[in-house]
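A quick write-up on the structure given underneath.
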Amino acid sequence: MLSLYRRDTLEKSGRVQAALEEVVFVLEDQQYIADWNQGVEHGRQVADAVCYARELTNKPSNLLTPQVLAEQAQSLSDQYGFECRIYNEEEAAKEEMGGLLAVGGGSINPPRMIVMRYTGAPDSKEILGLVGKGITFDAGGISLKPSHGMEEFISDMGGAAAVFGVMRGLGSLKPPINVAAVVAAAENMPSGSAYKPGDVITTYSGKTIEVLNTDAEGRIVLADAMTTAIRAGATQLVDIATLTGAVMHALGDLTTGAFTNEDAFLQSFIQAGNRAGEYVWPLPLHPEYRSLIKSEVADMKNHGGPWAGAIAGALLIGAFAEERPWIHLDIGGTTWMWSDRGFESKGGTGVMVRTLLEYIRYETEHRRMT
């Protein structure tokens, strides 16, 4: 299924799909047929979730605005019975979601904070918070990006797509776990109403951020999304974001960079990635790096200079974890392919959907056994 997927061309002919009419598996021992069929069906549901994330990532930004992404969340929730809450710009202002409103303020398409809840273990107080960056197009804001390659930044909502893909997988697989999924959706555009370098933003948590570069917007919207997940009851957090180009200097486009405040949590997640076939590699958050985001006029600044850019971005997001176990996944290099590679087709990859679903599967089965 992953190999056959091709991006919708939006032409009258529609998507060009490779043809595969039949697959036959020959088992040496017939007693394993039931287990094999169960495993194949699990794989089908996971692949379906990945392809759904790819489809969202590949949609042109004129067809996938923050409002359309919110409508997609409502549709997904209606299909699988999730609780769903969408904060529009007026409600976000009432809640004082200053980070989301600042980043989305430069666009004619207003931002949305999207919350979906899956309750598979109603007797448990544990809630996994999945937080996705949903910048449906990133022009860089006032700190405008170069025009070459800017079309790729329809994929700046790859973290949101991964969260949506996981939720689709949960709706099909129905594991005994509780998940609060939060997506901060906005367009980062330059205009007379856009936020500016030198601004100081008050986030949903009350902490302030000095803006040095409006193209470092993902960490600002994620600050509000992290607080939203915590207020939704999250006891541990995983955020997924196309946060930096800097992560590509370290890991290229093969490996997702990972950061954490709890090593055991991350090691379990990396092992899930190994089983799922996705590369995840830890990067450090040593206390000395905190000087990168120290501000003279606010609690922190959103840009740490030319060195350790992926670390600086992760540190800012981690400042909003409120002491909960937290993993940050920087998919800035892995969410988009410029050409086919293996079973990843050109365009959005749906990266981290398989690993997140595998982590959930293993943790819930292990918890049940113990």
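Identifiers in the structure tokens: chain A, B, ... in order shown; residue index from 1 per chain; ligand index from 1 in order shown.
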List every residue of region 285-318 of chain A that has an atom at most 10 Å from any atom of region 238-262 of chain A, giving for each one its closest atom pair and the distance in Å to one decimal, counting only C-alpha atoms, sorted by chain and then by ascending residue number, as JSON lines.
```
{"residue": "A:Leu285", "atom": "CA", "partner": "A:Phe259", "partner_atom": "CA", "distance": 7.0}
{"residue": "A:Pro306", "atom": "CA", "partner": "A:Ala246", "partner_atom": "CA", "distance": 9.0}
{"residue": "A:Trp307", "atom": "CA", "partner": "A:Ala246", "partner_atom": "CA", "distance": 8.6}
{"residue": "A:Ala308", "atom": "CA", "partner": "A:Ala246", "partner_atom": "CA", "distance": 7.3}
{"residue": "A:Gly309", "atom": "CA", "partner": "A:Ala246", "partner_atom": "CA", "distance": 5.5}
{"residue": "A:Ala310", "atom": "CA", "partner": "A:Val247", "partner_atom": "CA", "distance": 5.4}
{"residue": "A:Ile311", "atom": "CA", "partner": "A:Phe259", "partner_atom": "CA", "distance": 8.1}
{"residue": "A:Ala312", "atom": "CA", "partner": "A:Thr244", "partner_atom": "CA", "distance": 9.8}
{"residue": "A:Gly313", "atom": "CA", "partner": "A:Leu243", "partner_atom": "CA", "distance": 7.2}
{"residue": "A:Ala314", "atom": "CA", "partner": "A:Phe259", "partner_atom": "CA", "distance": 6.8}
{"residue": "A:Leu315", "atom": "CA", "partner": "A:Phe259", "partner_atom": "CA", "distance": 8.8}
{"residue": "A:Ile317", "atom": "CA", "partner": "A:Asp239", "partner_atom": "CA", "distance": 8.7}
{"residue": "A:Gly318", "atom": "CA", "partner": "A:Asn261", "partner_atom": "CA", "distance": 7.9}
```
* Selection: 12 Å around Arg44 (chain A), only C-alpha atoms, excl. self and same-chain fewer than 6 positions, as a list of chain:residue names ->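 After dropping sequence-adjacent residues, the list is A:Met1, A:Leu2, A:Asn37, A:Gln38, A:Val50, A:Cys51, A:Gly169, A:Ser172, A:Leu173, A:Arg354.
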Return as a tab-separated table the residues of region 29-109 of chain A lying at most 12 Å from region 141-149 of chain A, together with the closest atom-to-atom pair for each and the distance in Å to one decimal, counting only C-alpha atoms, with rows in chain order and ascending residue number.
```
residue	atom	partner	partner_atom	distance
A:Ala102	CA	A:Gly141	CA	10.6
A:Val103	CA	A:Gly141	CA	8.1
A:Gly104	CA	A:Gly141	CA	9.5
A:Gly105	CA	A:Gly141	CA	9.8
A:Gly106	CA	A:Gly141	CA	7.3
A:Ser107	CA	A:Gly141	CA	9.3
```
* **Atomic distance CA of Trp326 (chain A) - CA of Ala225 (chain A), expressed in Å with one decimal** =>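 Separation of CA of Trp326 (chain A) and CA of Ala225 (chain A): 13.4 Å.
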* One-decimal distance in Å that lies between CA of Thr208 (chain A) and CA of Asp138 (chain A) ->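 Result for CA of Asp138 (chain A) versus CA of Thr208 (chain A): 22.5 Å, one decimal.
With only C-alpha atoms as the atoms that count, the residue of A:Ile230, A:Leu4, A:Ala34, A:Ile201 with the shortest distance to Ala47 (chain A) is A:Leu4.
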* To do: Check region 156-318 of chain A with DSSP on the backbone and list each residue it calls helix (DSSP H, G or I), as a VMD selection string.
  => chain A and resid 156 to 173 218 to 231 246 to 251 263 to 276 287 to 293 309 to 318
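The closest residue to His328 (chain A), picked from A:Gly342, A:Gly347, A:Gly159, A:Gly233 and counting only C-alpha atoms, is A:Gly159.
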* **Thr364 (chain A) surroundings by only C-alpha atoms, 9 Å radius, close-in-sequence under 3 positions cut, as a PyMOL selection string** => chain A and resi 175-177+359-361+367-369
Using N, CA and C atoms, can you export the residues from the last selection as a compact mmCIF listing (two decimals), in the first residue's frame?
```
# COMPACT_ATOMS: atom_id res chain seq x y z
N PRO A 175 -7.00 0.77 20.23
CA PRO A 175 -6.20 0.30 21.37
C PRO A 175 -6.71 0.89 22.68
N PRO A 176 -6.44 0.22 23.82
CA PRO A 176 -6.90 0.72 25.12
C PRO A 176 -5.98 1.82 25.66
N ILE A 177 -6.13 3.02 25.13
CA ILE A 177 -5.32 4.16 25.52
C ILE A 177 -6.15 5.42 25.37
N TYR A 359 4.46 2.49 18.86
CA TYR A 359 4.72 2.80 20.27
C TYR A 359 3.45 2.57 21.09
N ILE A 360 2.32 3.03 20.59
CA ILE A 360 1.05 2.86 21.30
C ILE A 360 0.69 1.38 21.41
N ARG A 361 0.85 0.64 20.31
CA ARG A 361 0.53 -0.79 20.32
C ARG A 361 1.36 -1.53 21.37
N ARG A 367 1.53 -3.08 28.94
CA ARG A 367 0.83 -2.69 30.16
C ARG A 367 -0.23 -3.75 30.52
N ARG A 368 -0.89 -4.29 29.52
CA ARG A 368 -1.92 -5.31 29.75
C ARG A 368 -1.30 -6.59 30.30
N MET A 369 -0.11 -6.93 29.80
CA MET A 369 0.56 -8.16 30.23
C MET A 369 1.09 -8.06 31.65
```
* Test item: residues at most 10 Å from Gly132 (chain A), only C-alpha atoms, excluding those fewer than 3 positions along its chain, as a ChimeraX atom specification -> /A:114,129,135,157-164,181-185,218,221-222,225-226,238-242,329
* Asked: From the set A:Ala53, A:Val200, A:Ile270, A:Ala276, which residue has the shortest atom-to-atom contact distance to Gly348 (chain A), counting only C-alpha atoms?
  -> A:Ala53
* To do: Would you please work out which residue, of A:Ser291, A:Gln31, A:Gln67, A:Asn58, is nearest to Asp156 (chain A) when using only C-alpha atoms?
  =>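 Residue with the minimum atom-to-atom distance to Asp156 (chain A): A:Asn58.
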* Asked: as a ChimeraX atom specification, which residues of region 162-303 of chain A does DSSP assign to strand (DSSP E or B)?
  -> /A:178-188,200-202,208-210,236-241,256-260,280-282,300-301
Go ahead and save the picked residues with N, CA and C atoms, as a JSON list (two decimals), in the first residue's frame.
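What ended up in result_1.json:
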```json
[["chain", "number", "residue", "atom", "x", "y", "z"],
["A", 178, "ASN", "N", -5.80, 6.46, 26.10],
["A", 178, "ASN", "CA", -6.45, 7.75, 25.95],
["A", 178, "ASN", "C", -5.49, 8.73, 25.28],
["A", 179, "VAL", "N", -5.97, 9.44, 24.27],
["A", 179, "VAL", "CA", -5.13, 10.37, 23.52],
["A", 179, "VAL", "C", -5.86, 11.69, 23.36],
["A", 180, "ALA", "N", -5.15, 12.76, 23.67],
["A", 180, "ALA", "CA", -5.62, 14.12, 23.37],
["A", 180, "ALA", "C", -4.74, 14.65, 22.25],
["A", 181, "ALA", "N", -5.32, 14.82, 21.07],
["A", 181, "ALA", "CA", -4.58, 15.29, 19.90],
["A", 181, "ALA", "C", -4.86, 16.76, 19.68],
["A", 182, "VAL", "N", -3.80, 17.55, 19.59],
["A", 182, "VAL", "CA", -3.93, 19.00, 19.44],
["A", 182, "VAL", "C", -3.12, 19.44, 18.22],
["A", 183, "VAL", "N", -3.75, 20.22, 17.37],
["A", 183, "VAL", "CA", -3.07, 20.76, 16.18],
["A", 183, "VAL", "C", -3.27, 22.27, 16.16],
["A", 184, "ALA", "N", -2.15, 22.99, 16.09],
["A", 184, "ALA", "CA", -2.19, 24.44, 15.92],
["A", 184, "ALA", "C", -2.09, 24.73, 14.43],
["A", 185, "ALA", "N", -3.18, 25.23, 13.83],
["A", 185, "ALA", "CA", -3.25, 25.44, 12.38],
["A", 185, "ALA", "C", -3.25, 26.93, 12.06],
["A", 186, "ALA", "N", -2.34, 27.33, 11.17],
["A", 186, "ALA", "CA", -2.23, 28.74, 10.79],
["A", 186, "ALA", "C", -1.46, 28.84, 9.48],
["A", 187, "GLU", "N", -1.59, 29.98, 8.81],
["A", 187, "GLU", "CA", -0.72, 30.34, 7.69],
["A", 187, "GLU", "C", 0.24, 31.43, 8.17],
["A", 188, "ASN", "N", 1.51, 31.31, 7.80],
["A", 188, "ASN", "CA", 2.51, 32.30, 8.19],
["A", 188, "ASN", "C", 2.81, 33.17, 6.97],
["A", 200, "VAL", "N", 6.98, 41.21, 21.18],
["A", 200, "VAL", "CA", 6.97, 40.31, 22.34],
["A", 200, "VAL", "C", 5.55, 39.77, 22.47],
["A", 201, "ILE", "N", 5.44, 38.43, 22.45],
["A", 201, "ILE", "CA", 4.15, 37.74, 22.43],
["A", 201, "ILE", "C", 3.90, 37.11, 23.78],
["A", 202, "THR", "N", 2.69, 37.25, 24.28],
["A", 202, "THR", "CA", 2.28, 36.52, 25.48],
["A", 202, "THR", "C", 1.52, 35.27, 25.06],
["A", 208, "THR", "N", 6.21, 34.74, 28.01],
["A", 208, "THR", "CA", 6.40, 35.67, 26.89],
["A", 208, "THR", "C", 7.55, 35.22, 26.00],
["A", 209, "ILE", "N", 7.43, 35.53, 24.70],
["A", 209, "ILE", "CA", 8.44, 35.18, 23.70],
["A", 209, "ILE", "C", 8.79, 36.42, 22.91],
["A", 210, "GLU", "N", 10.07, 36.73, 22.86],
["A", 210, "GLU", "CA", 10.57, 37.80, 21.99],
["A", 210, "GLU", "C", 10.79, 37.24, 20.60],
["A", 236, "GLN", "N", 1.53, 12.95, 29.47],
["A", 236, "GLN", "CA", 2.80, 12.90, 28.76],
["A", 236, "GLN", "C", 2.57, 13.45, 27.37],
["A", 237, "LEU", "N", 3.63, 13.95, 26.74],
["A", 237, "LEU", "CA", 3.49, 14.72, 25.52],
["A", 237, "LEU", "C", 4.47, 14.27, 24.45],
["A", 238, "VAL", "N", 3.98, 14.22, 23.22],
["A", 238, "VAL", "CA", 4.85, 14.06, 22.04],
["A", 238, "VAL", "C", 4.43, 15.12, 21.05],
["A", 239, "ASP", "N", 5.36, 16.00, 20.66],
["A", 239, "ASP", "CA", 5.04, 16.97, 19.60],
["A", 239, "ASP", "C", 5.79, 16.58, 18.34],
["A", 240, "ILE", "N", 5.13, 16.79, 17.21],
["A", 240, "ILE", "CA", 5.67, 16.42, 15.90],
["A", 240, "ILE", "C", 5.62, 17.66, 15.02],
["A", 241, "ALA", "N", 6.78, 18.05, 14.47],
["A", 241, "ALA", "CA", 6.82, 19.32, 13.77],
["A", 241, "ALA", "C", 7.92, 19.36, 12.72],
["A", 256, "THR", "N", 14.68, 11.23, 11.61],
["A", 256, "THR", "CA", 13.98, 12.24, 12.41],
["A", 256, "THR", "C", 14.78, 12.52, 13.68],
["A", 257, "GLY", "N", 14.98, 13.79, 13.96],
["A", 257, "GLY", "CA", 15.67, 14.19, 15.19],
["A", 257, "GLY", "C", 14.71, 14.18, 16.37],
["A", 258, "ALA", "N", 15.18, 13.68, 17.52],
["A", 258, "ALA", "CA", 14.32, 13.56, 18.69],
["A", 258, "ALA", "C", 14.99, 14.19, 19.91],
["A", 259, "PHE", "N", 14.17, 14.83, 20.72],
["A", 259, "PHE", "CA", 14.63, 15.50, 21.93],
["A", 259, "PHE", "C", 13.69, 15.12, 23.07],
["A", 260, "THR", "N", 14.17, 15.11, 24.30],
["A", 260, "THR", "CA", 13.32, 14.69, 25.40],
["A", 260, "THR", "C", 13.78, 15.28, 26.72],
["A", 280, "VAL", "N", 14.90, 7.16, 14.01],
["A", 280, "VAL", "CA", 14.78, 8.24, 14.98],
["A", 280, "VAL", "C", 16.10, 8.32, 15.73],
["A", 281, "TRP", "N", 16.65, 9.53, 15.88],
["A", 281, "TRP", "CA", 17.95, 9.66, 16.54],
["A", 281, "TRP", "C", 17.90, 10.78, 17.58],
["A", 282, "PRO", "N", 18.42, 10.52, 18.80],
["A", 282, "PRO", "CA", 18.36, 11.54, 19.86],
["A", 282, "PRO", "C", 19.41, 12.62, 19.68],
["A", 300, "MET", "N", 11.80, 34.26, 26.96],
["A", 300, "MET", "CA", 12.68, 33.57, 26.03],
["A", 300, "MET", "C", 12.56, 34.24, 24.67],
["A", 301, "LYS", "N", 13.48, 33.91, 23.76],
["A", 301, "LYS", "CA", 13.40, 34.42, 22.39],
["A", 301, "LYS", "C", 13.25, 33.24, 21.44]]
```
* Which residue of A:Leu283, A:Ala234, A:Met337, A:Ala272 approaches Val353 (chain A) most closely, using only C-alpha atoms -> A:Ala272
* Atom pair CA of Phe137 (chain A) / CA of Met150 (chain A): separation (Å) ->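 Interatomic distance, CA of Phe137 (chain A) to CA of Met150 (chain A): 9.3 Å.
Comparing the minimum interatomic distances between Thr235 (chain A) and each of A:Gly98, A:Gly192, A:Gly332, A:Pro325, counting only C-alpha atoms, we find that A:Pro325 sits nearest.
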